[in-house]
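**Q** After the structure tokens below, expect a handful of questions from me.
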Amino acid sequence: MSEQIIIFSQIVLIDLVLAGDNEIIIGMVASKFPAEQRKKIIFWGIGGAIILRIILTLLTAYLLQITG
């Protein structure tokens with residue numbers, strides 16, 4: 001069980017380091033819209049990125065457990 005926690009922690013750390021580009025892209029897209037829409041775009045963009053990041057991190061941790 002502790003090995004799974006270590007693997008999961010490594011994946012999360014790598015994912016957080018690589019996540020900076022998402023914020024840059026969301027900011028670039030949102031900058032072309034009016035202020036009211038910009039807030040919604042940033043909120044939903046970051047929310048969607050977080051949800052996808054969690055799902056894909058869990059999937060990756062599961063796949064790393066498969067031997068062969």
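Identifiers in this document derive from the order of the structure tokens: chains are assigned A, B, ..., residues are numbered from 1 separately in each chain, and ligands are numbered from 1 in order of occurrence.
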Counting only C-alpha atoms, give me one row per residue of range 45-66 of chain A with an atom at most 9 Å from an atom of range 9-13 of chain A, showing the shortest contact pair and its distance in Å to one decimal, sorted by chain then residue number, as JSON lines.
**A**
{"residue": "A:Arg53", "atom": "CA", "partner": "A:Val12", "partner_atom": "CA", "distance": 8.9}
{"residue": "A:Ile54", "atom": "CA", "partner": "A:Val12", "partner_atom": "CA", "distance": 8.7}
{"residue": "A:Thr57", "atom": "CA", "partner": "A:Ile11", "partner_atom": "CA", "distance": 6.6}
{"residue": "A:Thr60", "atom": "CA", "partner": "A:Ile11", "partner_atom": "CA", "distance": 7.9}
{"residue": "A:Ala61", "atom": "CA", "partner": "A:Ile11", "partner_atom": "CA", "distance": 7.4}
**Q** Generate a file of the selected residues that holds C-alpha atoms, formatted as a PDB file, in the first residue's frame.
**A**
ATOM      1  CA  ARG A  53      -6.132  16.136 -14.036  1.00  0.00           C
ATOM      2  CA  ILE A  54      -7.578  14.133 -11.123  1.00  0.00           C
ATOM      3  CA  THR A  57      -3.815  10.922 -12.496  1.00  0.00           C
ATOM      4  CA  THR A  60      -2.208   6.597 -14.633  1.00  0.00           C
ATOM      5  CA  ALA A  61      -1.699   5.307 -11.085  1.00  0.00           C
TER       6      ALA A  61
END
**Q** If we count only C-alpha atoms and set the cut-off at 10 Å, which residues sit around Ser31 in chain A, ignoring sequence neighbours fewer than 6 positions away in its own chain? Please answer as a PDB file with N, CA and C atoms, in the first residue's frame.
**A**
ATOM      1  N   ILE A  25      -2.702  29.012 -21.248  1.00  0.00           N
ATOM      2  CA  ILE A  25      -3.644  28.858 -22.363  1.00  0.00           C
ATOM      3  C   ILE A  25      -5.012  29.423 -21.993  1.00  0.00           C
ATOM      4  N   GLN A  37     -17.625  37.596 -19.227  1.00  0.00           N
ATOM      5  CA  GLN A  37     -17.419  36.256 -19.786  1.00  0.00           C
ATOM      6  C   GLN A  37     -16.048  35.710 -19.402  1.00  0.00           C
ATOM      7  N   ARG A  38     -15.084  36.585 -19.244  1.00  0.00           N
ATOM      8  CA  ARG A  38     -13.727  36.167 -18.885  1.00  0.00           C
ATOM      9  C   ARG A  38     -13.724  35.417 -17.560  1.00  0.00           C
ATOM     10  N   ILE A  41     -15.126  31.950 -18.150  1.00  0.00           N
ATOM     11  CA  ILE A  41     -14.179  31.125 -18.909  1.00  0.00           C
ATOM     12  C   ILE A  41     -13.055  30.637 -18.009  1.00  0.00           C
ATOM     13  N   ILE A  42     -12.522  31.519 -17.190  1.00  0.00           N
ATOM     14  CA  ILE A  42     -11.439  31.134 -16.277  1.00  0.00           C
ATOM     15  C   ILE A  42     -11.938  30.108 -15.264  1.00  0.00           C
TER      16      ILE A  42
END
